[in-house]
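Have a look at final36.cif below; it lists mmCIF, N, CA and C atoms.
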```
data_final
loop_
_atom_site.label_atom_id
_atom_site.label_comp_id
_atom_site.auth_asym_id
_atom_site.auth_seq_id
_atom_site.Cartn_x
_atom_site.Cartn_y
_atom_site.Cartn_z
N MET A 4 0.84 -1.17 0.00
CA MET A 4 0.00 0.00 0.00
C MET A 4 0.89 1.24 0.00
N ASN A 5 0.74 2.06 -1.00
CA ASN A 5 1.49 3.30 -1.09
C ASN A 5 0.68 4.45 -0.51
N MET A 6 1.37 5.29 0.24
CA MET A 6 0.69 6.43 0.84
C MET A 6 1.26 7.71 0.24
N ASN A 7 0.37 8.68 0.01
CA ASN A 7 0.87 9.96 -0.49
C ASN A 7 1.25 10.86 0.69
N PHE A 8 1.82 12.02 0.38
CA PHE A 8 2.29 12.91 1.43
C PHE A 8 1.16 13.44 2.30
N ASN A 9 -0.02 13.67 1.74
CA ASN A 9 -1.16 14.14 2.53
C ASN A 9 -1.58 13.10 3.56
N GLN A 10 -1.57 11.83 3.18
CA GLN A 10 -1.93 10.77 4.11
C GLN A 10 -0.89 10.63 5.23
N ILE A 11 0.38 10.75 4.87
CA ILE A 11 1.44 10.68 5.87
C ILE A 11 1.32 11.85 6.84
N ALA A 12 1.04 13.06 6.31
CA ALA A 12 0.88 14.24 7.16
C ALA A 12 -0.31 14.06 8.10
N LEU A 13 -1.39 13.48 7.60
CA LEU A 13 -2.57 13.26 8.43
C LEU A 13 -2.26 12.28 9.55
N ILE A 14 -1.55 11.22 9.25
CA ILE A 14 -1.18 10.24 10.27
C ILE A 14 -0.30 10.89 11.34
N GLN A 15 0.65 11.73 10.91
CA GLN A 15 1.50 12.43 11.87
C GLN A 15 0.67 13.39 12.73
N LYS A 16 -0.30 14.07 12.14
CA LYS A 16 -1.17 14.97 12.89
C LYS A 16 -2.01 14.18 13.90
N LEU A 17 -2.54 13.03 13.49
CA LEU A 17 -3.31 12.18 14.40
C LEU A 17 -2.46 11.71 15.57
N LYS A 18 -1.22 11.31 15.28
CA LYS A 18 -0.33 10.85 16.35
C LYS A 18 -0.06 11.98 17.33
N GLY A 19 0.19 13.18 16.82
CA GLY A 19 0.41 14.33 17.70
C GLY A 19 -0.81 14.62 18.56
N GLY A 20 -1.99 14.52 17.96
CA GLY A 20 -3.24 14.73 18.69
C GLY A 20 -3.43 13.69 19.77
N MET A 21 -3.13 12.44 19.47
CA MET A 21 -3.25 11.37 20.46
C MET A 21 -2.27 11.58 21.61
N ASP A 22 -1.06 12.01 21.28
CA ASP A 22 -0.07 12.27 22.33
C ASP A 22 -0.54 13.38 23.26
N ARG A 23 -1.08 14.47 22.70
CA ARG A 23 -1.59 15.57 23.51
C ARG A 23 -2.79 15.12 24.35
N PHE A 24 -3.68 14.31 23.75
CA PHE A 24 -4.84 13.79 24.48
C PHE A 24 -4.40 12.98 25.68
N ARG A 25 -3.39 12.14 25.50
CA ARG A 25 -2.88 11.33 26.61
C ARG A 25 -2.29 12.20 27.72
N ILE A 26 -1.63 13.28 27.34
CA ILE A 26 -1.05 14.19 28.34
C ILE A 26 -2.17 14.93 29.08
N ASN A 27 -3.18 15.39 28.34
CA ASN A 27 -4.27 16.16 28.94
C ASN A 27 -5.21 15.31 29.78
N HIS A 28 -5.32 14.02 29.45
CA HIS A 28 -6.27 13.13 30.12
C HIS A 28 -5.57 11.80 30.45
N PRO A 29 -4.61 11.83 31.37
CA PRO A 29 -3.78 10.64 31.61
C PRO A 29 -4.55 9.43 32.15
N LYS A 30 -5.68 9.64 32.81
CA LYS A 30 -6.42 8.51 33.36
C LYS A 30 -7.26 7.79 32.31
N PHE A 31 -7.62 8.48 31.23
CA PHE A 31 -8.49 7.87 30.23
C PHE A 31 -7.84 6.68 29.53
N PRO A 32 -6.59 6.78 29.06
CA PRO A 32 -5.96 5.59 28.47
C PRO A 32 -5.86 4.43 29.47
N LEU A 33 -5.65 4.74 30.75
CA LEU A 33 -5.62 3.68 31.76
C LEU A 33 -6.98 3.01 31.89
N PHE A 34 -8.04 3.82 31.83
CA PHE A 34 -9.40 3.29 31.86
C PHE A 34 -9.65 2.38 30.66
N LEU A 35 -9.26 2.84 29.46
CA LEU A 35 -9.45 2.03 28.26
C LEU A 35 -8.68 0.72 28.36
N ASN A 36 -7.48 0.78 28.89
CA ASN A 36 -6.68 -0.43 29.05
C ASN A 36 -7.36 -1.40 30.01
N ALA A 37 -7.90 -0.86 31.11
CA ALA A 37 -8.55 -1.72 32.11
C ALA A 37 -9.79 -2.40 31.52
N ILE A 38 -10.63 -1.65 30.82
CA ILE A 38 -11.84 -2.27 30.29
C ILE A 38 -11.54 -3.22 29.14
N SER A 39 -10.44 -2.96 28.43
CA SER A 39 -10.13 -3.85 27.31
C SER A 39 -9.67 -5.22 27.79
N GLN A 40 -9.28 -5.32 29.07
CA GLN A 40 -8.82 -6.59 29.61
C GLN A 40 -9.96 -7.61 29.73
N ASP A 41 -11.16 -7.16 30.20
CA ASP A 41 -12.22 -8.15 30.38
C ASP A 41 -13.63 -7.59 30.21
N ALA A 42 -13.78 -6.29 30.02
CA ALA A 42 -15.13 -5.73 29.93
C ALA A 42 -15.62 -5.58 28.49
N LEU A 43 -14.72 -5.42 27.55
CA LEU A 43 -15.14 -5.28 26.15
C LEU A 43 -15.32 -6.66 25.54
N ILE A 44 -16.52 -7.18 25.73
CA ILE A 44 -16.87 -8.49 25.19
C ILE A 44 -18.18 -8.35 24.43
N GLU A 45 -18.44 -9.30 23.57
CA GLU A 45 -19.68 -9.27 22.80
C GLU A 45 -20.87 -9.23 23.76
N GLY A 46 -21.78 -8.30 23.50
CA GLY A 46 -22.97 -8.14 24.32
C GLY A 46 -22.85 -7.08 25.40
N ALA A 47 -21.62 -6.63 25.70
CA ALA A 47 -21.44 -5.56 26.68
C ALA A 47 -22.01 -4.26 26.10
N VAL A 48 -22.47 -3.38 26.98
CA VAL A 48 -23.03 -2.11 26.56
C VAL A 48 -22.08 -0.99 26.97
N VAL A 49 -21.74 -0.14 26.00
CA VAL A 49 -20.90 1.03 26.26
C VAL A 49 -21.82 2.24 26.21
N GLU A 50 -21.77 3.06 27.28
CA GLU A 50 -22.62 4.25 27.34
C GLU A 50 -21.74 5.48 27.44
N ILE A 51 -22.12 6.52 26.70
CA ILE A 51 -21.37 7.77 26.68
C ILE A 51 -22.31 8.89 27.09
N ASN A 52 -21.88 9.69 28.07
CA ASN A 52 -22.63 10.86 28.52
C ASN A 52 -21.77 12.10 28.30
N VAL A 53 -22.38 13.15 27.78
CA VAL A 53 -21.71 14.43 27.62
C VAL A 53 -22.60 15.50 28.22
N THR A 54 -22.03 16.31 29.11
CA THR A 54 -22.74 17.43 29.71
C THR A 54 -22.03 18.71 29.31
N THR A 55 -22.76 19.62 28.68
CA THR A 55 -22.17 20.88 28.25
C THR A 55 -21.99 21.80 29.46
N PRO A 56 -21.17 22.83 29.33
CA PRO A 56 -21.03 23.79 30.44
C PRO A 56 -22.37 24.43 30.84
N GLU A 57 -23.31 24.48 29.92
CA GLU A 57 -24.63 25.04 30.21
C GLU A 57 -25.55 24.04 30.90
N GLY A 58 -25.12 22.80 31.02
CA GLY A 58 -25.90 21.79 31.70
C GLY A 58 -26.74 20.89 30.81
N ARG A 59 -26.66 21.05 29.49
CA ARG A 59 -27.38 20.12 28.59
C ARG A 59 -26.66 18.78 28.64
N ASN A 60 -27.46 17.73 28.64
CA ASN A 60 -26.92 16.38 28.76
C ASN A 60 -27.28 15.57 27.52
N TYR A 61 -26.29 14.90 26.96
CA TYR A 61 -26.47 14.02 25.81
C TYR A 61 -25.98 12.64 26.23
N CYS A 62 -26.74 11.62 25.87
CA CYS A 62 -26.38 10.27 26.26
C CYS A 62 -26.68 9.32 25.10
N SER A 63 -25.77 8.38 24.88
CA SER A 63 -25.99 7.35 23.86
C SER A 63 -25.30 6.08 24.34
N ASN A 64 -25.73 4.95 23.79
CA ASN A 64 -25.07 3.70 24.13
C ASN A 64 -25.05 2.78 22.93
N LEU A 65 -24.20 1.78 23.02
CA LEU A 65 -24.12 0.78 21.95
C LEU A 65 -23.80 -0.56 22.56
N LYS A 66 -24.31 -1.59 21.94
CA LYS A 66 -24.01 -2.96 22.37
C LYS A 66 -22.89 -3.49 21.48
N ILE A 67 -21.84 -4.00 22.11
CA ILE A 67 -20.67 -4.49 21.39
C ILE A 67 -21.02 -5.74 20.58
N LYS A 68 -20.64 -5.71 19.31
CA LYS A 68 -20.81 -6.85 18.40
C LYS A 68 -19.44 -7.45 18.10
N GLN A 69 -19.43 -8.63 17.54
CA GLN A 69 -18.17 -9.29 17.18
C GLN A 69 -17.36 -8.42 16.22
N GLU A 70 -18.03 -7.77 15.27
CA GLU A 70 -17.33 -6.91 14.31
C GLU A 70 -16.64 -5.75 15.03
N ASP A 71 -17.27 -5.24 16.09
CA ASP A 71 -16.67 -4.16 16.88
C ASP A 71 -15.38 -4.65 17.55
N LEU A 72 -15.42 -5.87 18.08
CA LEU A 72 -14.23 -6.43 18.72
C LEU A 72 -13.09 -6.59 17.74
N GLU A 73 -13.41 -6.99 16.51
CA GLU A 73 -12.38 -7.12 15.48
C GLU A 73 -11.77 -5.76 15.15
N PHE A 74 -12.61 -4.72 15.10
CA PHE A 74 -12.13 -3.36 14.84
C PHE A 74 -11.24 -2.88 15.99
N ILE A 75 -11.64 -3.16 17.21
CA ILE A 75 -10.86 -2.77 18.38
C ILE A 75 -9.49 -3.46 18.35
N GLU A 76 -9.46 -4.73 17.98
CA GLU A 76 -8.19 -5.44 17.88
C GLU A 76 -7.29 -4.81 16.82
N CYS A 77 -7.89 -4.36 15.73
CA CYS A 77 -7.14 -3.67 14.67
C CYS A 77 -6.52 -2.39 15.21
N LEU A 78 -7.30 -1.62 15.99
CA LEU A 78 -6.79 -0.39 16.59
C LEU A 78 -5.65 -0.69 17.58
N LYS A 79 -5.80 -1.77 18.33
CA LYS A 79 -4.75 -2.16 19.27
C LYS A 79 -3.45 -2.47 18.53
N SER A 80 -3.57 -3.12 17.39
CA SER A 80 -2.35 -3.48 16.64
C SER A 80 -1.68 -2.22 16.10
N LEU A 81 -2.44 -1.18 15.79
CA LEU A 81 -1.84 0.08 15.35
C LEU A 81 -1.03 0.70 16.48
N ARG A 82 -1.56 0.62 17.69
CA ARG A 82 -0.89 1.20 18.85
C ARG A 82 0.45 0.52 19.10
N GLN A 83 0.54 -0.77 18.77
CA GLN A 83 1.76 -1.53 19.04
C GLN A 83 2.79 -1.38 17.94
N SER A 84 2.40 -0.76 16.83
CA SER A 84 3.33 -0.61 15.70
C SER A 84 4.33 0.49 15.95
#
```
The structure in this file should be written as structure tokens.
Amino acid sequence: MNMNFNQIALIQKLKGGMDRFRINHPKFPLFLNAISQDALIEGAVVEINVTTPEGRNYCSNLKIKQEDLEFIECLKSLRQS
């Protein structure tokens, strides 16, 4: 697979963003690591809540499917590269 310069620049920008995210939110990667050990299994429900500074609340959830687990494993392999 050949990548052009725009794709390489985007990957570098994403890596920089991930590095800053980890610095700004050091407990979140630890949380993701902990749940990936035994909580992310088929049928588990992931719920996300967002509360704006004005107090509006948004909530959504999803049930993990086998395809999701395969995608997560793919993301894990990128992290190890």
**OP:** Once DSSP has gone over the backbone, tell me which residues of chain A are in alpha helix (DSSP H), as a PyMOL selection string.
**Re:** chain A and resi 8-27+30-41+69-83
Given the selection you just returned, output its residues as a file containing N, CA and C atoms, formatted as a CSV table (one decimal), in the coordinates of the input.
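Saved the output as again_30.csv:
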```csv
chain,number,residue,atom,x,y,z
A,8,PHE,N,1.8,12.0,0.4
A,8,PHE,CA,2.3,12.9,1.4
A,8,PHE,C,1.2,13.4,2.3
A,9,ASN,N,0.0,13.7,1.7
A,9,ASN,CA,-1.2,14.1,2.5
A,9,ASN,C,-1.6,13.1,3.6
A,10,GLN,N,-1.6,11.8,3.2
A,10,GLN,CA,-1.9,10.8,4.1
A,10,GLN,C,-0.9,10.6,5.2
A,11,ILE,N,0.4,10.8,4.9
A,11,ILE,CA,1.4,10.7,5.9
A,11,ILE,C,1.3,11.8,6.8
A,12,ALA,N,1.0,13.1,6.3
A,12,ALA,CA,0.9,14.2,7.2
A,12,ALA,C,-0.3,14.1,8.1
A,13,LEU,N,-1.4,13.5,7.6
A,13,LEU,CA,-2.6,13.3,8.4
A,13,LEU,C,-2.3,12.3,9.6
A,14,ILE,N,-1.6,11.2,9.2
A,14,ILE,CA,-1.2,10.2,10.3
A,14,ILE,C,-0.3,10.9,11.3
A,15,GLN,N,0.6,11.7,10.9
A,15,GLN,CA,1.5,12.4,11.9
A,15,GLN,C,0.7,13.4,12.7
A,16,LYS,N,-0.3,14.1,12.1
A,16,LYS,CA,-1.2,15.0,12.9
A,16,LYS,C,-2.0,14.2,13.9
A,17,LEU,N,-2.5,13.0,13.5
A,17,LEU,CA,-3.3,12.2,14.4
A,17,LEU,C,-2.5,11.7,15.6
A,18,LYS,N,-1.2,11.3,15.3
A,18,LYS,CA,-0.3,10.8,16.4
A,18,LYS,C,-0.1,12.0,17.3
A,19,GLY,N,0.2,13.2,16.8
A,19,GLY,CA,0.4,14.3,17.7
A,19,GLY,C,-0.8,14.6,18.6
A,20,GLY,N,-2.0,14.5,18.0
A,20,GLY,CA,-3.2,14.7,18.7
A,20,GLY,C,-3.4,13.7,19.8
A,21,MET,N,-3.1,12.4,19.5
A,21,MET,CA,-3.2,11.4,20.5
A,21,MET,C,-2.3,11.6,21.6
A,22,ASP,N,-1.1,12.0,21.3
A,22,ASP,CA,-0.1,12.3,22.3
A,22,ASP,C,-0.5,13.4,23.3
A,23,ARG,N,-1.1,14.5,22.7
A,23,ARG,CA,-1.6,15.6,23.5
A,23,ARG,C,-2.8,15.1,24.4
A,24,PHE,N,-3.7,14.3,23.8
A,24,PHE,CA,-4.8,13.8,24.5
A,24,PHE,C,-4.4,13.0,25.7
A,25,ARG,N,-3.4,12.1,25.5
A,25,ARG,CA,-2.9,11.3,26.6
A,25,ARG,C,-2.3,12.2,27.7
A,26,ILE,N,-1.6,13.3,27.3
A,26,ILE,CA,-1.0,14.2,28.3
A,26,ILE,C,-2.2,14.9,29.1
A,27,ASN,N,-3.2,15.4,28.3
A,27,ASN,CA,-4.3,16.2,28.9
A,27,ASN,C,-5.2,15.3,29.8
A,30,LYS,N,-5.7,9.6,32.8
A,30,LYS,CA,-6.4,8.5,33.4
A,30,LYS,C,-7.3,7.8,32.3
A,31,PHE,N,-7.6,8.5,31.2
A,31,PHE,CA,-8.5,7.9,30.2
A,31,PHE,C,-7.8,6.7,29.5
A,32,PRO,N,-6.6,6.8,29.1
A,32,PRO,CA,-6.0,5.6,28.5
A,32,PRO,C,-5.9,4.4,29.5
A,33,LEU,N,-5.6,4.7,30.8
A,33,LEU,CA,-5.6,3.7,31.8
A,33,LEU,C,-7.0,3.0,31.9
A,34,PHE,N,-8.0,3.8,31.8
A,34,PHE,CA,-9.4,3.3,31.9
A,34,PHE,C,-9.6,2.4,30.7
A,35,LEU,N,-9.3,2.8,29.5
A,35,LEU,CA,-9.4,2.0,28.3
A,35,LEU,C,-8.7,0.7,28.4
A,36,ASN,N,-7.5,0.8,28.9
A,36,ASN,CA,-6.7,-0.4,29.0
A,36,ASN,C,-7.4,-1.4,30.0
A,37,ALA,N,-7.9,-0.9,31.1
A,37,ALA,CA,-8.6,-1.7,32.1
A,37,ALA,C,-9.8,-2.4,31.5
A,38,ILE,N,-10.6,-1.6,30.8
A,38,ILE,CA,-11.8,-2.3,30.3
A,38,ILE,C,-11.5,-3.2,29.1
A,39,SER,N,-10.4,-3.0,28.4
A,39,SER,CA,-10.1,-3.8,27.3
A,39,SER,C,-9.7,-5.2,27.8
A,40,GLN,N,-9.3,-5.3,29.1
A,40,GLN,CA,-8.8,-6.6,29.6
A,40,GLN,C,-10.0,-7.6,29.7
A,41,ASP,N,-11.2,-7.2,30.2
A,41,ASP,CA,-12.2,-8.2,30.4
A,41,ASP,C,-13.6,-7.6,30.2
A,69,GLN,N,-19.4,-8.6,17.5
A,69,GLN,CA,-18.2,-9.3,17.2
A,69,GLN,C,-17.4,-8.4,16.2
A,70,GLU,N,-18.0,-7.8,15.3
A,70,GLU,CA,-17.3,-6.9,14.3
A,70,GLU,C,-16.6,-5.8,15.0
A,71,ASP,N,-17.3,-5.2,16.1
A,71,ASP,CA,-16.7,-4.2,16.9
A,71,ASP,C,-15.4,-4.6,17.6
A,72,LEU,N,-15.4,-5.9,18.1
A,72,LEU,CA,-14.2,-6.4,18.7
A,72,LEU,C,-13.1,-6.6,17.7
A,73,GLU,N,-13.4,-7.0,16.5
A,73,GLU,CA,-12.4,-7.1,15.5
A,73,GLU,C,-11.8,-5.8,15.2
A,74,PHE,N,-12.6,-4.7,15.1
A,74,PHE,CA,-12.1,-3.4,14.8
A,74,PHE,C,-11.2,-2.9,16.0
A,75,ILE,N,-11.6,-3.2,17.2
A,75,ILE,CA,-10.9,-2.8,18.4
A,75,ILE,C,-9.5,-3.5,18.4
A,76,GLU,N,-9.5,-4.7,18.0
A,76,GLU,CA,-8.2,-5.4,17.9
A,76,GLU,C,-7.3,-4.8,16.8
A,77,CYS,N,-7.9,-4.4,15.7
A,77,CYS,CA,-7.1,-3.7,14.7
A,77,CYS,C,-6.5,-2.4,15.2
A,78,LEU,N,-7.3,-1.6,16.0
A,78,LEU,CA,-6.8,-0.4,16.6
A,78,LEU,C,-5.6,-0.7,17.6
A,79,LYS,N,-5.8,-1.8,18.3
A,79,LYS,CA,-4.8,-2.2,19.3
A,79,LYS,C,-3.4,-2.5,18.5
A,80,SER,N,-3.6,-3.1,17.4
A,80,SER,CA,-2.4,-3.5,16.6
A,80,SER,C,-1.7,-2.2,16.1
A,81,LEU,N,-2.4,-1.2,15.8
A,81,LEU,CA,-1.8,0.1,15.4
A,81,LEU,C,-1.0,0.7,16.5
A,82,ARG,N,-1.6,0.6,17.7
A,82,ARG,CA,-0.9,1.2,18.8
A,82,ARG,C,0.4,0.5,19.1
A,83,GLN,N,0.5,-0.8,18.8
A,83,GLN,CA,1.8,-1.5,19.0
A,83,GLN,C,2.8,-1.4,17.9
```
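Note on the selection: in this file the PyMOL selection byres ((chain A and resi 49-53) around 6.5) comes out as Ala47, Val48, Thr54, Thr55, Arg59, Asn60, Tyr61, Cys62, Ser63, Asn64, Leu65, Lys66 and Ile67 of chain A.
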With DSSP run on the backbone, what are the strand (DSSP E) residues within chain A? I'd like them as a PyMOL selection string. chain A and resi 48-54+60-66
Mind listing as a list of chain:residue names all residues within 6 Å of (-19.8, -8.5, 23.3), counting only N, CA and C atoms?
->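 Residues close enough to count: A:Leu43, A:Ile44, A:Glu45, A:Gly46, A:Ala47, A:Ile67, A:Lys68, A:Gln69.
The two atoms in question, atom N of Lys18 (chain A) and CA of Leu81 (chain A), are spaced 11.2 Å apart.
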**Asked** Please, what distance in Å, to one decimal, runs between CA of Leu33 (chain A) and CA of Glu70 (chain A)?
**Response**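 Answer for the CA of Leu33 (chain A) to CA of Glu70 (chain A) separation: 23.5 Å.
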| request: Would you mind reading off the distance between CA of Asp22 (chain A) and atom N of Leu78 (chain A), one decimal, in Å? | output: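 For CA of Asp22 (chain A) relative to atom N of Leu78 (chain A), the distance reads 16.9 Å.
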Where atoms are absent from region 58-84 of chain A, fill them in so it carries N, CA, C and O atoms, then output it as a CSV table (one decimal), in the coordinates of the input.
```
chain,number,residue,atom,x,y,z
A,58,GLY,N,-25.1,22.8,31.0
A,58,GLY,CA,-25.9,21.8,31.7
A,58,GLY,C,-26.7,20.9,30.8
A,58,GLY,O,-27.4,20.0,31.3
A,59,ARG,N,-26.7,21.0,29.5
A,59,ARG,CA,-27.4,20.1,28.6
A,59,ARG,C,-26.7,18.8,28.6
A,59,ARG,O,-25.4,18.7,28.6
A,60,ASN,N,-27.5,17.7,28.6
A,60,ASN,CA,-26.9,16.4,28.8
A,60,ASN,C,-27.3,15.6,27.5
A,60,ASN,O,-28.4,15.6,27.1
A,61,TYR,N,-26.3,14.9,27.0
A,61,TYR,CA,-26.5,14.0,25.8
A,61,TYR,C,-26.0,12.6,26.2
A,61,TYR,O,-24.9,12.5,26.9
A,62,CYS,N,-26.7,11.6,25.9
A,62,CYS,CA,-26.4,10.3,26.3
A,62,CYS,C,-26.7,9.3,25.1
A,62,CYS,O,-27.7,9.5,24.4
A,63,SER,N,-25.8,8.4,24.9
A,63,SER,CA,-26.0,7.4,23.9
A,63,SER,C,-25.3,6.1,24.3
A,63,SER,O,-24.4,6.1,25.2
A,64,ASN,N,-25.7,5.0,23.8
A,64,ASN,CA,-25.1,3.7,24.1
A,64,ASN,C,-25.0,2.8,22.9
A,64,ASN,O,-25.8,3.0,22.0
A,65,LEU,N,-24.2,1.8,23.0
A,65,LEU,CA,-24.1,0.8,22.0
A,65,LEU,C,-23.8,-0.6,22.6
A,65,LEU,O,-23.1,-0.7,23.6
A,66,LYS,N,-24.3,-1.6,21.9
A,66,LYS,CA,-24.0,-3.0,22.4
A,66,LYS,C,-22.9,-3.5,21.5
A,66,LYS,O,-23.0,-3.4,20.3
A,67,ILE,N,-21.8,-4.0,22.1
A,67,ILE,CA,-20.7,-4.5,21.4
A,67,ILE,C,-21.0,-5.7,20.6
A,67,ILE,O,-21.6,-6.7,21.1
A,68,LYS,N,-20.6,-5.7,19.3
A,68,LYS,CA,-20.8,-6.8,18.4
A,68,LYS,C,-19.4,-7.4,18.1
A,68,LYS,O,-18.4,-6.8,18.4
A,69,GLN,N,-19.4,-8.6,17.5
A,69,GLN,CA,-18.2,-9.3,17.2
A,69,GLN,C,-17.4,-8.4,16.2
A,69,GLN,O,-16.1,-8.3,16.4
A,70,GLU,N,-18.0,-7.8,15.3
A,70,GLU,CA,-17.3,-6.9,14.3
A,70,GLU,C,-16.6,-5.8,15.0
A,70,GLU,O,-15.6,-5.3,14.6
A,71,ASP,N,-17.3,-5.2,16.1
A,71,ASP,CA,-16.7,-4.2,16.9
A,71,ASP,C,-15.4,-4.6,17.6
A,71,ASP,O,-14.4,-3.9,17.6
A,72,LEU,N,-15.4,-5.9,18.1
A,72,LEU,CA,-14.2,-6.4,18.7
A,72,LEU,C,-13.1,-6.6,17.7
A,72,LEU,O,-11.9,-6.3,18.1
A,73,GLU,N,-13.4,-7.0,16.5
A,73,GLU,CA,-12.4,-7.1,15.5
A,73,GLU,C,-11.8,-5.8,15.2
A,73,GLU,O,-10.6,-5.6,15.0
A,74,PHE,N,-12.6,-4.7,15.1
A,74,PHE,CA,-12.1,-3.4,14.8
A,74,PHE,C,-11.2,-2.9,16.0
A,74,PHE,O,-10.2,-2.3,15.8
A,75,ILE,N,-11.6,-3.2,17.2
A,75,ILE,CA,-10.9,-2.8,18.4
A,75,ILE,C,-9.5,-3.5,18.4
A,75,ILE,O,-8.5,-2.8,18.6
A,76,GLU,N,-9.5,-4.7,18.0
A,76,GLU,CA,-8.2,-5.4,17.9
A,76,GLU,C,-7.3,-4.8,16.8
A,76,GLU,O,-6.1,-4.7,17.0
A,77,CYS,N,-7.9,-4.4,15.7
A,77,CYS,CA,-7.1,-3.7,14.7
A,77,CYS,C,-6.5,-2.4,15.2
A,77,CYS,O,-5.4,-2.1,15.0
A,78,LEU,N,-7.3,-1.6,16.0
A,78,LEU,CA,-6.8,-0.4,16.6
A,78,LEU,C,-5.6,-0.7,17.6
A,78,LEU,O,-4.7,0.0,17.6
A,79,LYS,N,-5.8,-1.8,18.3
A,79,LYS,CA,-4.8,-2.2,19.3
A,79,LYS,C,-3.4,-2.5,18.5
A,79,LYS,O,-2.4,-2.1,19.0
A,80,SER,N,-3.6,-3.1,17.4
A,80,SER,CA,-2.4,-3.5,16.6
A,80,SER,C,-1.7,-2.2,16.1
A,80,SER,O,-0.4,-2.2,16.0
A,81,LEU,N,-2.4,-1.2,15.8
A,81,LEU,CA,-1.8,0.1,15.4
A,81,LEU,C,-1.0,0.7,16.5
A,81,LEU,O,0.0,1.3,16.3
A,82,ARG,N,-1.6,0.6,17.7
A,82,ARG,CA,-0.9,1.2,18.8
A,82,ARG,C,0.4,0.5,19.1
A,82,ARG,O,1.4,1.1,19.6
A,83,GLN,N,0.5,-0.8,18.8
A,83,GLN,CA,1.8,-1.5,19.0
A,83,GLN,C,2.8,-1.4,17.9
A,83,GLN,O,3.9,-1.8,18.1
A,84,SER,N,2.4,-0.8,16.8
A,84,SER,CA,3.3,-0.6,15.7
A,84,SER,C,4.3,0.5,16.0
A,84,SER,O,4.1,1.4,16.7
```
